[in-house]
Amino acid sequence: MVDVLERPATLAEPPHEAHGPTGLLKWLTTTDHKVIGLSYTVTAVIMMVIGGALAEIIRAQLASPNGTLVSLAQFNELFTMHGSVMIYLFAGPFAFGALANIIVPIQIGAPDMAFPRLNALSYWLYLTGAITMLSGFFTAGGAANFGWVGYAPLSNSLNTPGAGADLWIGGLLLTGFSAIFTGVNLVATIFYLRAPGMTMFRMPIFTWNLLVTAILILLAFPVLTAGLIMLYADRHFGTHIFSVAGGGVPVLWQHIFWFWGHPEVYILALPFFGMVTEIIAVFSRKPVFGYKGMVFATISIAALSLGVWAHHMFTTGVVLLPFFSMMSLLIAVPTGIKIFNWIGTMWRGEIWFSTAMLMALGFLVTFLIGGLTGIYLASPPLDFFTHDTYFVVAHFHSVVMALVLAGMAGLYYWGPKFTGYLLNETIGKVQFWFLFVGTQVFTLPLYLLGLRGMPRRMAVYPHDPQWQFLNDLSSVGAILIGVSTLLFVANLVVSWKRYPAGDNPWDGQTLEWFTTSPPPHHNFYRLPPIRSERPTWDHNHPDHRALPHGHRVEAPE
Amino acid sequence: MRVEARFLLSLGLFFGIVGLIYWLWSGEDAGGVMLGAAMLLGFLPGGYYYYWSRRMRPRPEDDPQATTASGSGVVGAFPGSSIWPFTLGMGAFFTVLALVFGIWLLVPGLGLVTWALFGGVAESRRGGGV
Amino acid sequence: MLAAAGVVAGGLALSGCTVPSFGASPGDTTSSRSVFHLWQGFSIGALIIGGLVVALIVWAVVRYRRHGERIPDQHQYHIPLEMTYTIVPILIVLGLFAATMVVENKEVANPRTNVRIDVNAFQWGWKFTYPGSNAVVVGQTTQAPTMVMPVDTNVHINLTSSDVVHGFYVKAFNFSRYALPGVLNQFTLRAVATGTFFGQCTQLCGLYHSLMWFNVKVVTPSQYTAWLASFHGSAAATAAAAAAAAVRQQTSSLVPTKLATTTGTH
């Protein structure tokens, strides 16, 4: 069925519910952004559990210098697939496919995504891409084993024959197209389906961040897709794009990969920054401090992120060090603005320490550690020193674990909106402490390990048994993180349809809290007037609108 | 529309400047080409939005004083449910598997893709139906 | 600001031993020492900024907990404050960049020198060739070939790879560089102390990546000359080449299944 939607001024009551098939057929044929977003969320969380399980095996193997749990070959498959699953199949789709799909249209007052069928196609490409990549484990030669970055010429058919590597490429092609379609969809939705009065500078920060993320997807993902096609051609069609023997250039793969790979870091991060921004504002009962600064900081991060790719290649000796060093260091500035704006939002607020807020605070501290160590790595001499050691591993695990904390915050915060039920707060807080402490116990020893010279991607380290203690400590942290994941699953079971949420359990500020939980088909049957980026707050607290732009804060009384 | 245009055009401009500096300074072609393409990806839609922002009346979503009533009218046509995205996805799946397991998988792959494309277009023209 | 950064860096260089090491070590080359001081400078900055931010977070969390249903002031902008925390970080970044450039330019410089070693990485071992002499050292995986080099002398390294990307990494030198196929990577090492240092491949290169080891033995210049001389004579050279070939063949057909826990040296 096609619904030609008219936007009514108001309706007295919700319109009739969605028509169409039910059950499995509903799941296969849905074009409702909320159902697709939920499918994305569930699939991405399953991917997180799979990737986490691979990580636990890796940590178990490294718990002793001569670990014999897995073979050298299996270990290469494990960390390759751990990184691939976490980056390509969990973090990315969770960032721009899951909560974004559900929340962005509602936040701008849209009835659905601009291209609902394309949105459904994105999900199916993601799901089949995930199946394709993971099925490498069931082939004779095993899964891909050249690291999640697939550096040429290790990834050519001579060094890595077998179906696992091809399945990795195929899976990435599918998920890559899925991401591109989602990017197109988000941009079109945000540019064309905003509610009356929802000007660009009244969009919530989460939506702004998703818009910028979508633009980054459109800039970066086609490059990866092109690179993968070249890699496949090298493997099977006899081309020599990345091989010296035929006059090719192996470093070209690194350029192409990281031209996608560094923006990808921000494609992962920006949506989570947006979630945290919303959550901190709501639970501090204040508007986002420096809203416009926040928007420009996001745009600056995105713009700079396309000019820093070769800081992953400092040690190749063939890149322009000062240019990439300066650009990389500069990204610290807008990122710092964001951190100060988050603190400014909490400043003189009334902070409610719900699970979502705790997770957001955990994000803030963990991300601070990951961000500061990132500044070291922007300096080429310090990068020569720490490149490909556990220091780098620790740095990006601090960052991505911060994103996991933020994602959990998002699930606790928005879960009630699209399910209609709250999660248990007590279990949530216990989960937070396991996750937060576990993250630090897991990452902090890795920094020291890197400084003591342990390279990454080592299956064994018999020549320096002194590394064992720090590895064991890190493995303990990994166990704590694993427990927190189990607690989350337990919370889902315990809270199943137990604590009805109501429309606006957190005194939310943006449009999604104006509609029902879960929202009706096509999201709204009435809309408040939109006069700021907080229409729901303005509607609920008409006497407490934000002070106008440029208004100075009075001295504390 | 004007903010959208400025946003994309300034991104394109930034990539153009950075790309030029990078290319002249490093002499490395791959990055120069990729940044140049990024510049075009900013200018192309940015120019489109700029063109239309000069020629169309401000939309309710660009008007800070717009009320809900000023936005009334047709928003768009939204398909309720459709099997074709799933069919197309399966077609793409088999097509990619053909890269790994053999060319014969292109038969179901491209077959499903073609079927889904025709089905999807027909669905849009008919205006409904799973 | 630049001047201030210079003063800080200079001060650090002078008082390096009184500043904490922040987990790193000074290392045993001239470059590794300056990298270490840069590390200390970055760490001090990171601790100050990180401490400030954490203090602000803790203060906000403690001081502004919710007490009731009160709605706080809805202030949203403070332009001077926002300008401050935009401009100050830019200045800090410029300072860090200046300090980086000082260390980097020294580290990547290649002064003229007579000592040259050609390092070739392959799956999964290293070959050290000494042009102008017959000396060749080859070894695979845990056999860890030893690269001999003189102390207090600029040693020019030509780094290449025969197959995939490898990483030449010596922890004691605070330094690593990729060995790329089709690329000649050049750098200069100047060791300041004698001793044997462990090195290994840091860039994933396939199955035995974890075991692609080597050693660097820094000796006095006279010992170095003597060591080179021991390879003289065509018979010795032939023998060395044959031995090297034998080593290669042996290890490629028989890679250790049970891992040795000691590092073998030549």
# chains A, B, ... in the order shown; residues from 1 in each chain; ligands from 1
call {"tool": "select_by_dssp", "arguments": {"residues": "segment 302-370 of chain A", "states": "alpha helix (DSSP H)", "output": "ChimeraX atom specification"}}
result
/A:302-305,321-346,355-370
call {"tool": "write_last_selection", "arguments": {"atoms": "C-alpha atoms", "output": "compact mmCIF listing (two decimals), in the first residue's frame"}}
result
# COMPACT_ATOMS: atom_id res chain seq x y z
CA ALA A 302 33.99 16.32 9.59
CA ALA A 303 35.81 18.71 7.27
CA LEU A 304 39.19 18.13 8.92
CA SER A 305 38.66 14.37 9.09
CA LEU A 321 54.46 14.45 7.73
CA PRO A 322 53.95 18.16 8.64
CA PHE A 323 50.67 18.47 6.72
CA PHE A 324 49.05 15.44 8.29
CA SER A 325 50.46 16.18 11.71
CA MET A 326 49.03 19.71 11.71
CA MET A 327 45.62 18.65 10.38
CA SER A 328 45.40 15.83 12.93
CA LEU A 329 46.37 18.06 15.83
CA LEU A 330 43.77 20.61 14.72
CA ILE A 331 40.95 18.09 15.15
CA ALA A 332 41.63 18.32 18.86
CA VAL A 333 40.27 21.87 18.84
CA PRO A 334 36.63 21.22 17.80
CA THR A 335 36.67 18.04 19.87
CA GLY A 336 37.78 20.09 22.87
CA ILE A 337 34.96 22.57 22.18
CA LYS A 338 32.51 19.70 22.36
CA ILE A 339 33.88 18.46 25.67
CA PHE A 340 33.73 21.94 27.21
CA ASN A 341 30.21 22.42 25.85
CA TRP A 342 29.12 19.17 27.49
CA ILE A 343 30.52 20.38 30.80
CA GLY A 344 28.91 23.77 30.21
CA THR A 345 25.57 22.02 29.71
CA MET A 346 25.90 20.31 33.09
CA THR A 355 21.55 4.98 33.92
CA ALA A 356 21.61 6.89 30.63
CA MET A 357 23.29 9.89 32.29
CA LEU A 358 25.82 7.65 34.08
CA MET A 359 26.69 6.00 30.79
CA ALA A 360 27.07 9.43 29.18
CA LEU A 361 29.40 10.54 31.99
CA GLY A 362 31.34 7.30 31.58
CA PHE A 363 31.63 8.14 27.90
CA LEU A 364 32.96 11.59 28.75
CA VAL A 365 35.79 10.31 30.95
CA THR A 366 36.71 7.39 28.70
CA PHE A 367 36.61 9.51 25.59
CA LEU A 368 38.81 12.09 27.28
CA ILE A 369 41.49 9.42 27.81
CA GLY A 370 41.17 8.20 24.22
call {"tool": "residues_around", "arguments": {"residues": "Gly83 of chain A", "least_positions_apart": "2", "cutoff": "8 Å", "atoms": "only C-alpha atoms", "output": "JSON, numbers by chain"}}
result
{"A": [51, 79, 80, 81, 85, 86, 87, 147, 148]}
call {"tool": "atom_distance", "arguments": {"atom1": "atom CA of Gly290 of chain A", "atom2": "atom CA of Arg534 of chain A"}}
result
14.0 Å
call {"tool": "closest_residue", "arguments": {"among": "B:Thr114, B:Ser26, B:Ser53, B:Ser124", "to": "Pro79 of chain B", "atoms": "only C-alpha atoms"}}
result
B:Ser124
call {"tool": "select_by_dssp", "arguments": {"residues": "segment 71-132 of chain C", "states": "strand (DSSP E)", "output": "JSON list (two decimals) with C-alpha atoms, in the first residue's frame"}}
result
[["chain", "number", "residue", "atom", "x", "y", "z"],
["C", 115, "VAL", "CA", 78.37, 3.24, 7.71],
["C", 116, "ARG", "CA", 75.50, 1.79, 5.77],
["C", 117, "ILE", "CA", 73.39, -1.28, 6.37],
["C", 118, "ASP", "CA", 70.85, -2.67, 3.92],
["C", 119, "VAL", "CA", 67.98, -4.24, 5.79],
["C", 120, "ASN", "CA", 65.67, -6.53, 3.90],
["C", 121, "ALA", "CA", 62.53, -7.91, 5.50],
["C", 122, "PHE", "CA", 60.85, -11.04, 4.19],
["C", 125, "GLY", "CA", 62.85, -12.97, 8.80],
["C", 126, "TRP", "CA", 65.48, -10.35, 8.23],
["C", 127, "LYS", "CA", 68.58, -10.02, 6.09],
["C", 128, "PHE", "CA", 71.24, -7.49, 7.03],
["C", 129, "THR", "CA", 73.74, -6.71, 4.27]]
call {"tool": "residues_around", "arguments": {"residues": "segment 2-17 of chain B", "least_positions_apart": "3", "cutoff": "10 Å", "atoms": "only C-alpha atoms", "output": "PDB file with N, CA and C atoms, in the first residue's frame"}}
result
ATOM      1  N   ILE A 190      16.562  14.808   6.006  1.00  0.00           N
ATOM      2  CA  ILE A 190      16.811  16.002   6.815  1.00  0.00           C
ATOM      3  C   ILE A 190      16.624  17.265   5.980  1.00  0.00           C
ATOM      4  N   PHE A 191      16.944  17.206   4.691  1.00  0.00           N
ATOM      5  CA  PHE A 191      16.790  18.403   3.859  1.00  0.00           C
ATOM      6  C   PHE A 191      15.342  18.641   3.434  1.00  0.00           C
ATOM      7  N   THR A 199      13.745  24.954  11.292  1.00  0.00           N
ATOM      8  CA  THR A 199      14.834  25.413  10.434  1.00  0.00           C
ATOM      9  C   THR A 199      16.084  24.601  10.736  1.00  0.00           C
ATOM     10  N   MET A 200      17.084  24.726   9.865  1.00  0.00           N
ATOM     11  CA  MET A 200      18.305  23.945  10.071  1.00  0.00           C
ATOM     12  C   MET A 200      18.894  24.188  11.459  1.00  0.00           C
ATOM     13  N   PHE A 201      18.883  25.452  11.894  1.00  0.00           N
ATOM     14  CA  PHE A 201      19.492  25.741  13.189  1.00  0.00           C
ATOM     15  C   PHE A 201      18.503  25.574  14.345  1.00  0.00           C
ATOM     16  N   VAL A 212      25.734  15.421   9.329  1.00  0.00           N
ATOM     17  CA  VAL A 212      27.159  15.509   9.005  1.00  0.00           C
ATOM     18  C   VAL A 212      27.735  14.116   8.782  1.00  0.00           C
ATOM     19  N   ILE A 215      26.820  12.988   5.309  1.00  0.00           N
ATOM     20  CA  ILE A 215      27.671  13.608   4.281  1.00  0.00           C
ATOM     21  C   ILE A 215      29.030  12.898   4.254  1.00  0.00           C
ATOM     22  N   ILE A 299      30.795  20.216  12.239  1.00  0.00           N
ATOM     23  CA  ILE A 299      31.137  20.388  10.823  1.00  0.00           C
ATOM     24  C   ILE A 299      32.658  20.470  10.665  1.00  0.00           C
ATOM     25  N   SER A 300      33.335  21.161  11.591  1.00  0.00           N
ATOM     26  CA  SER A 300      34.794  21.264  11.483  1.00  0.00           C
ATOM     27  C   SER A 300      35.454  19.903  11.611  1.00  0.00           C
ATOM     28  N   ALA A 302      34.219  17.066  10.825  1.00  0.00           N
ATOM     29  CA  ALA A 302      33.986  16.320   9.591  1.00  0.00           C
ATOM     30  C   ALA A 302      34.895  16.822   8.477  1.00  0.00           C
ATOM     31  N   ALA A 303      34.998  18.150   8.353  1.00  0.00           N
ATOM     32  CA  ALA A 303      35.809  18.706   7.272  1.00  0.00           C
ATOM     33  C   ALA A 303      37.269  18.303   7.452  1.00  0.00           C
ATOM     34  N   LEU A 304      37.780  18.460   8.679  1.00  0.00           N
ATOM     35  CA  LEU A 304      39.187  18.127   8.916  1.00  0.00           C
ATOM     36  C   LEU A 304      39.436  16.634   8.746  1.00  0.00           C
ATOM     37  N   LEU A 306      38.676  14.579   6.638  1.00  0.00           N
ATOM     38  CA  LEU A 306      39.042  14.098   5.310  1.00  0.00           C
ATOM     39  C   LEU A 306      40.478  14.435   4.944  1.00  0.00           C
ATOM     40  N   GLY A 307      41.133  15.264   5.771  1.00  0.00           N
ATOM     41  CA  GLY A 307      42.491  15.662   5.423  1.00  0.00           C
ATOM     42  C   GLY A 307      43.543  15.079   6.338  1.00  0.00           C
TER      43      GLY A 307
ATOM     44  N   LEU B  20      44.127  21.335  -2.897  1.00  0.00           N
ATOM     45  CA  LEU B  20      45.123  22.032  -3.701  1.00  0.00           C
ATOM     46  C   LEU B  20      46.441  22.177  -2.931  1.00  0.00           C
ATOM     47  N   ILE B  21      46.318  22.613  -1.661  1.00  0.00           N
ATOM     48  CA  ILE B  21      47.538  22.747  -0.849  1.00  0.00           C
ATOM     49  C   ILE B  21      48.246  21.402  -0.766  1.00  0.00           C
ATOM     50  N   TYR B  22      47.474  20.351  -0.478  1.00  0.00           N
ATOM     51  CA  TYR B  22      48.077  19.036  -0.304  1.00  0.00           C
ATOM     52  C   TYR B  22      48.770  18.580  -1.588  1.00  0.00           C
ATOM     53  N   TRP B  23      48.057  18.743  -2.701  1.00  0.00           N
ATOM     54  CA  TRP B  23      48.586  18.220  -3.956  1.00  0.00           C
ATOM     55  C   TRP B  23      49.851  18.971  -4.374  1.00  0.00           C
ATOM     56  N   GLY B  32      45.332  13.799  -3.781  1.00  0.00           N
ATOM     57  CA  GLY B  32      44.849  14.974  -4.500  1.00  0.00           C
ATOM     58  C   GLY B  32      43.570  14.667  -5.262  1.00  0.00           C
ATOM     59  N   MET B  34      41.417  12.238  -4.612  1.00  0.00           N
ATOM     60  CA  MET B  34      40.303  11.938  -3.701  1.00  0.00           C
ATOM     61  C   MET B  34      39.761  13.219  -3.081  1.00  0.00           C
ATOM     62  N   LEU B  35      40.653  14.150  -2.735  1.00  0.00           N
ATOM     63  CA  LEU B  35      40.162  15.414  -2.173  1.00  0.00           C
ATOM     64  C   LEU B  35      39.436  16.221  -3.244  1.00  0.00           C
ATOM     65  N   GLY B  36      39.933  16.140  -4.485  1.00  0.00           N
ATOM     66  CA  GLY B  36      39.230  16.827  -5.574  1.00  0.00           C
ATOM     67  C   GLY B  36      37.827  16.268  -5.757  1.00  0.00           C
ATOM     68  N   ALA B  37      37.711  14.940  -5.683  1.00  0.00           N
ATOM     69  CA  ALA B  37      36.388  14.327  -5.799  1.00  0.00           C
ATOM     70  C   ALA B  37      35.498  14.758  -4.635  1.00  0.00           C
ATOM     71  N   ALA B  38      36.090  14.872  -3.454  1.00  0.00           N
ATOM     72  CA  ALA B  38      35.312  15.325  -2.298  1.00  0.00           C
ATOM     73  C   ALA B  38      34.799  16.744  -2.530  1.00  0.00           C
ATOM     74  N   MET B  39      35.651  17.584  -3.153  1.00  0.00           N
ATOM     75  CA  MET B  39      35.238  18.951  -3.460  1.00  0.00           C
ATOM     76  C   MET B  39      34.018  18.920  -4.389  1.00  0.00           C
ATOM     77  N   LEU B  40      34.075  18.073  -5.426  1.00  0.00           N
ATOM     78  CA  LEU B  40      32.951  17.993  -6.361  1.00  0.00           C
ATOM     79  C   LEU B  40      31.691  17.518  -5.648  1.00  0.00           C
ATOM     80  N   LEU B  41      31.870  16.580  -4.707  1.00  0.00           N
ATOM     81  CA  LEU B  41      30.703  16.076  -3.988  1.00  0.00           C
ATOM     82  C   LEU B  41      30.093  17.140  -3.090  1.00  0.00           C
ATOM     83  N   GLY B  42      30.884  18.154  -2.733  1.00  0.00           N
ATOM     84  CA  GLY B  42      30.298  19.287  -2.029  1.00  0.00           C
ATOM     85  C   GLY B  42      29.620  20.239  -2.993  1.00  0.00           C
ATOM     86  N   PHE B  43      30.297  20.522  -4.130  1.00  0.00           N
ATOM     87  CA  PHE B  43      29.786  21.530  -5.066  1.00  0.00           C
ATOM     88  C   PHE B  43      28.546  21.055  -5.816  1.00  0.00           C
ATOM     89  N   LEU B  44      28.509  19.771  -6.154  1.00  0.00           N
ATOM     90  CA  LEU B  44      27.422  19.279  -7.004  1.00  0.00           C
ATOM     91  C   LEU B  44      26.059  19.484  -6.338  1.00  0.00           C
ATOM     92  N   PRO B  45      25.800  18.839  -5.190  1.00  0.00           N
ATOM     93  CA  PRO B  45      24.494  19.081  -4.555  1.00  0.00           C
ATOM     94  C   PRO B  45      24.389  20.505  -4.013  1.00  0.00           C
ATOM     95  N   GLY B  46      25.532  21.074  -3.554  1.00  0.00           N
ATOM     96  CA  GLY B  46      25.495  22.441  -3.034  1.00  0.00           C
ATOM     97  C   GLY B  46      25.037  23.415  -4.101  1.00  0.00           C
ATOM     98  N   GLY B  47      25.578  23.251  -5.319  1.00  0.00           N
ATOM     99  CA  GLY B  47      25.177  24.112  -6.423  1.00  0.00           C
ATOM    100  C   GLY B  47      23.711  23.931  -6.766  1.00  0.00           C
ATOM    101  N   TYR B  48      23.245  22.696  -6.708  1.00  0.00           N
ATOM    102  CA  TYR B  48      21.832  22.413  -6.983  1.00  0.00           C
ATOM    103  C   TYR B  48      20.934  23.137  -5.978  1.00  0.00           C
ATOM    104  N   TYR B  49      21.294  23.013  -4.708  1.00  0.00           N
ATOM    105  CA  TYR B  49      20.473  23.671  -3.687  1.00  0.00           C
ATOM    106  C   TYR B  49      20.561  25.183  -3.816  1.00  0.00           C
ATOM    107  N   TYR B  50      21.749  25.678  -4.169  1.00  0.00           N
ATOM    108  CA  TYR B  50      21.905  27.128  -4.319  1.00  0.00           C
ATOM    109  C   TYR B  50      21.005  27.620  -5.448  1.00  0.00           C
ATOM    110  N   TYR B  51      21.017  26.877  -6.579  1.00  0.00           N
ATOM    111  CA  TYR B  51      20.184  27.237  -7.727  1.00  0.00           C
ATOM    112  C   TYR B  51      18.722  27.347  -7.309  1.00  0.00           C
ATOM    113  N   TRP B  52      18.246  26.339  -6.585  1.00  0.00           N
ATOM    114  CA  TRP B  52      16.825  26.343  -6.224  1.00  0.00           C
ATOM    115  C   TRP B  52      16.518  27.324  -5.103  1.00  0.00           C
ATOM    116  N   SER B  53      17.508  27.560  -4.225  1.00  0.00           N
ATOM    117  CA  SER B  53      17.228  28.498  -3.128  1.00  0.00           C
ATOM    118  C   SER B  53      16.983  29.906  -3.666  1.00  0.00           C
ATOM    119  N   ARG B  54      17.540  30.191  -4.865  1.00  0.00           N
ATOM    120  CA  ARG B  54      17.307  31.504  -5.467  1.00  0.00           C
ATOM    121  C   ARG B  54      15.963  31.573  -6.175  1.00  0.00           C
ATOM    122  N   PRO B  58      10.464  30.445   0.041  1.00  0.00           N
ATOM    123  CA  PRO B  58      10.942  29.738   1.231  1.00  0.00           C
ATOM    124  C   PRO B  58       9.916  28.710   1.689  1.00  0.00           C
ATOM    125  N   ASP B  62      11.819  26.318   6.368  1.00  0.00           N
ATOM    126  CA  ASP B  62      12.879  27.313   6.438  1.00  0.00           C
ATOM    127  C   ASP B  62      12.398  28.613   7.070  1.00  0.00           C
TER     128      ASP B  62
END
call {"tool": "atom_distance", "arguments": {"atom1": "atom CA of Ile256 of chain A", "atom2": "atom CA of Leu54 of chain A"}}
result
27.4 Å
call {"tool": "closest_atom_pairs", "arguments": {"of": "chain C", "to": "chain A", "cutoff": "6 Å", "atoms": "only C-alpha atoms", "output": "JSON lines"}}
result
{"residue": "C:Ala24", "atom": "CA", "partner": "A:Leu451", "partner_atom": "CA", "distance": 5.6}
{"residue": "C:Ala60", "atom": "CA", "partner": "A:Trp347", "partner_atom": "CA", "distance": 5.7}
{"residue": "C:Tyr64", "atom": "CA", "partner": "A:Glu350", "partner_atom": "CA", "distance": 5.5}
{"residue": "C:Arg65", "atom": "CA", "partner": "A:Ile351", "partner_atom": "CA", "distance": 4.6}
{"residue": "C:Arg66", "atom": "CA", "partner": "A:Glu350", "partner_atom": "CA", "distance": 4.3}
{"residue": "C:Pro72", "atom": "CA", "partner": "A:Gly349", "partner_atom": "CA", "distance": 5.6}
{"residue": "C:Gln74", "atom": "CA", "partner": "A:Ala546", "partner_atom": "CA", "distance": 4.7}
{"residue": "C:His75", "atom": "CA", "partner": "A:Leu547", "partner_atom": "CA", "distance": 5.2}
{"residue": "C:Gln76", "atom": "CA", "partner": "A:Phe289", "partner_atom": "CA", "distance": 4.6}
{"residue": "C:Tyr77", "atom": "CA", "partner": "A:Gly290", "partner_atom": "CA", "distance": 5.0}
{"residue": "C:His78", "atom": "CA", "partner": "A:Arg552", "partner_atom": "CA", "distance": 5.6}
{"residue": "C:Pro89", "atom": "CA", "partner": "A:Val333", "partner_atom": "CA", "distance": 5.7}
{"residue": "C:Thr100", "atom": "CA", "partner": "A:Ser379", "partner_atom": "CA", "distance": 5.9}
{"residue": "C:Glu104", "atom": "CA", "partner": "A:Pro381", "partner_atom": "CA", "distance": 5.6}
{"residue": "C:Val164", "atom": "CA", "partner": "A:Pro153", "partner_atom": "CA", "distance": 5.4}
{"residue": "C:Lys171", "atom": "CA", "partner": "A:Gly453", "partner_atom": "CA", "distance": 5.4}
{"residue": "C:Asn174", "atom": "CA", "partner": "A:Phe385", "partner_atom": "CA", "distance": 4.5}
{"residue": "C:Phe175", "atom": "CA", "partner": "A:Phe385", "partner_atom": "CA", "distance": 4.6}
{"residue": "C:Ser176", "atom": "CA", "partner": "A:Phe384", "partner_atom": "CA", "distance": 5.1}
{"residue": "C:Arg177", "atom": "CA", "partner": "A:Thr315", "partner_atom": "CA", "distance": 4.8}
{"residue": "C:Tyr178", "atom": "CA", "partner": "A:Thr316", "partner_atom": "CA", "distance": 5.0}
{"residue": "C:Gly182", "atom": "CA", "partner": "A:Val244", "partner_atom": "CA", "distance": 5.8}
{"residue": "C:Thr202", "atom": "CA", "partner": "A:Pro455", "partner_atom": "CA", "distance": 5.5}
{"residue": "C:Leu207", "atom": "CA", "partner": "A:Ala73", "partner_atom": "CA", "distance": 5.8}
{"residue": "C:Ser210", "atom": "CA", "partner": "A:Met458", "partner_atom": "CA", "distance": 4.7}
{"residue": "C:Thr261", "atom": "CA", "partner": "A:Pro462", "partner_atom": "CA", "distance": 5.2}
call {"tool": "decode", "arguments": {"residues": "segment 152-169 of chain C", "atoms": "N, CA and C atoms", "output": "compact mmCIF listing (two decimals), in the first residue's frame"}}
result
# COMPACT_ATOMS: atom_id res chain seq x y z
N ASP C 152 77.94 5.50 18.73
CA ASP C 152 78.35 6.90 18.51
C ASP C 152 78.70 7.19 17.06
N THR C 153 78.05 6.50 16.15
CA THR C 153 78.30 6.71 14.72
C THR C 153 76.95 6.78 14.02
N ASN C 154 76.85 7.67 13.05
CA ASN C 154 75.62 7.69 12.26
C ASN C 154 75.59 6.45 11.39
N VAL C 155 74.52 5.67 11.50
CA VAL C 155 74.38 4.47 10.70
C VAL C 155 73.20 4.67 9.76
N HIS C 156 73.49 4.61 8.48
CA HIS C 156 72.44 4.82 7.48
C HIS C 156 71.79 3.48 7.15
N ILE C 157 70.47 3.41 7.32
CA ILE C 157 69.77 2.15 7.07
C ILE C 157 68.96 2.29 5.79
N ASN C 158 69.11 1.32 4.90
CA ASN C 158 68.24 1.24 3.71
C ASN C 158 67.30 0.07 3.93
N LEU C 159 66.03 0.38 4.09
CA LEU C 159 65.06 -0.64 4.48
C LEU C 159 64.18 -1.01 3.28
N THR C 160 64.11 -2.29 3.01
CA THR C 160 63.26 -2.76 1.90
C THR C 160 62.51 -4.00 2.34
N SER C 161 61.55 -4.40 1.54
CA SER C 161 60.82 -5.64 1.81
C SER C 161 60.73 -6.44 0.53
N SER C 162 60.82 -7.78 0.67
CA SER C 162 60.76 -8.63 -0.52
C SER C 162 59.34 -9.04 -0.86
N ASP C 163 58.43 -8.99 0.12
CA ASP C 163 57.10 -9.51 -0.18
C ASP C 163 55.99 -8.58 0.31
N VAL C 164 55.63 -8.65 1.59
CA VAL C 164 54.52 -7.85 2.10
C VAL C 164 55.06 -6.72 2.96
N VAL C 165 54.18 -5.95 3.56
CA VAL C 165 54.60 -4.85 4.43
C VAL C 165 55.06 -5.42 5.77
N HIS C 166 56.25 -5.03 6.20
CA HIS C 166 56.74 -5.40 7.52
C HIS C 166 57.04 -4.14 8.31
N GLY C 167 57.27 -4.29 9.60
CA GLY C 167 57.61 -3.14 10.43
C GLY C 167 58.94 -3.38 11.14
N PHE C 168 59.88 -2.47 10.90
CA PHE C 168 61.19 -2.56 11.58
C PHE C 168 61.07 -1.78 12.88
N TYR C 169 61.09 -2.46 14.00
CA TYR C 169 60.82 -1.80 15.27
C TYR C 169 61.82 -2.25 16.32
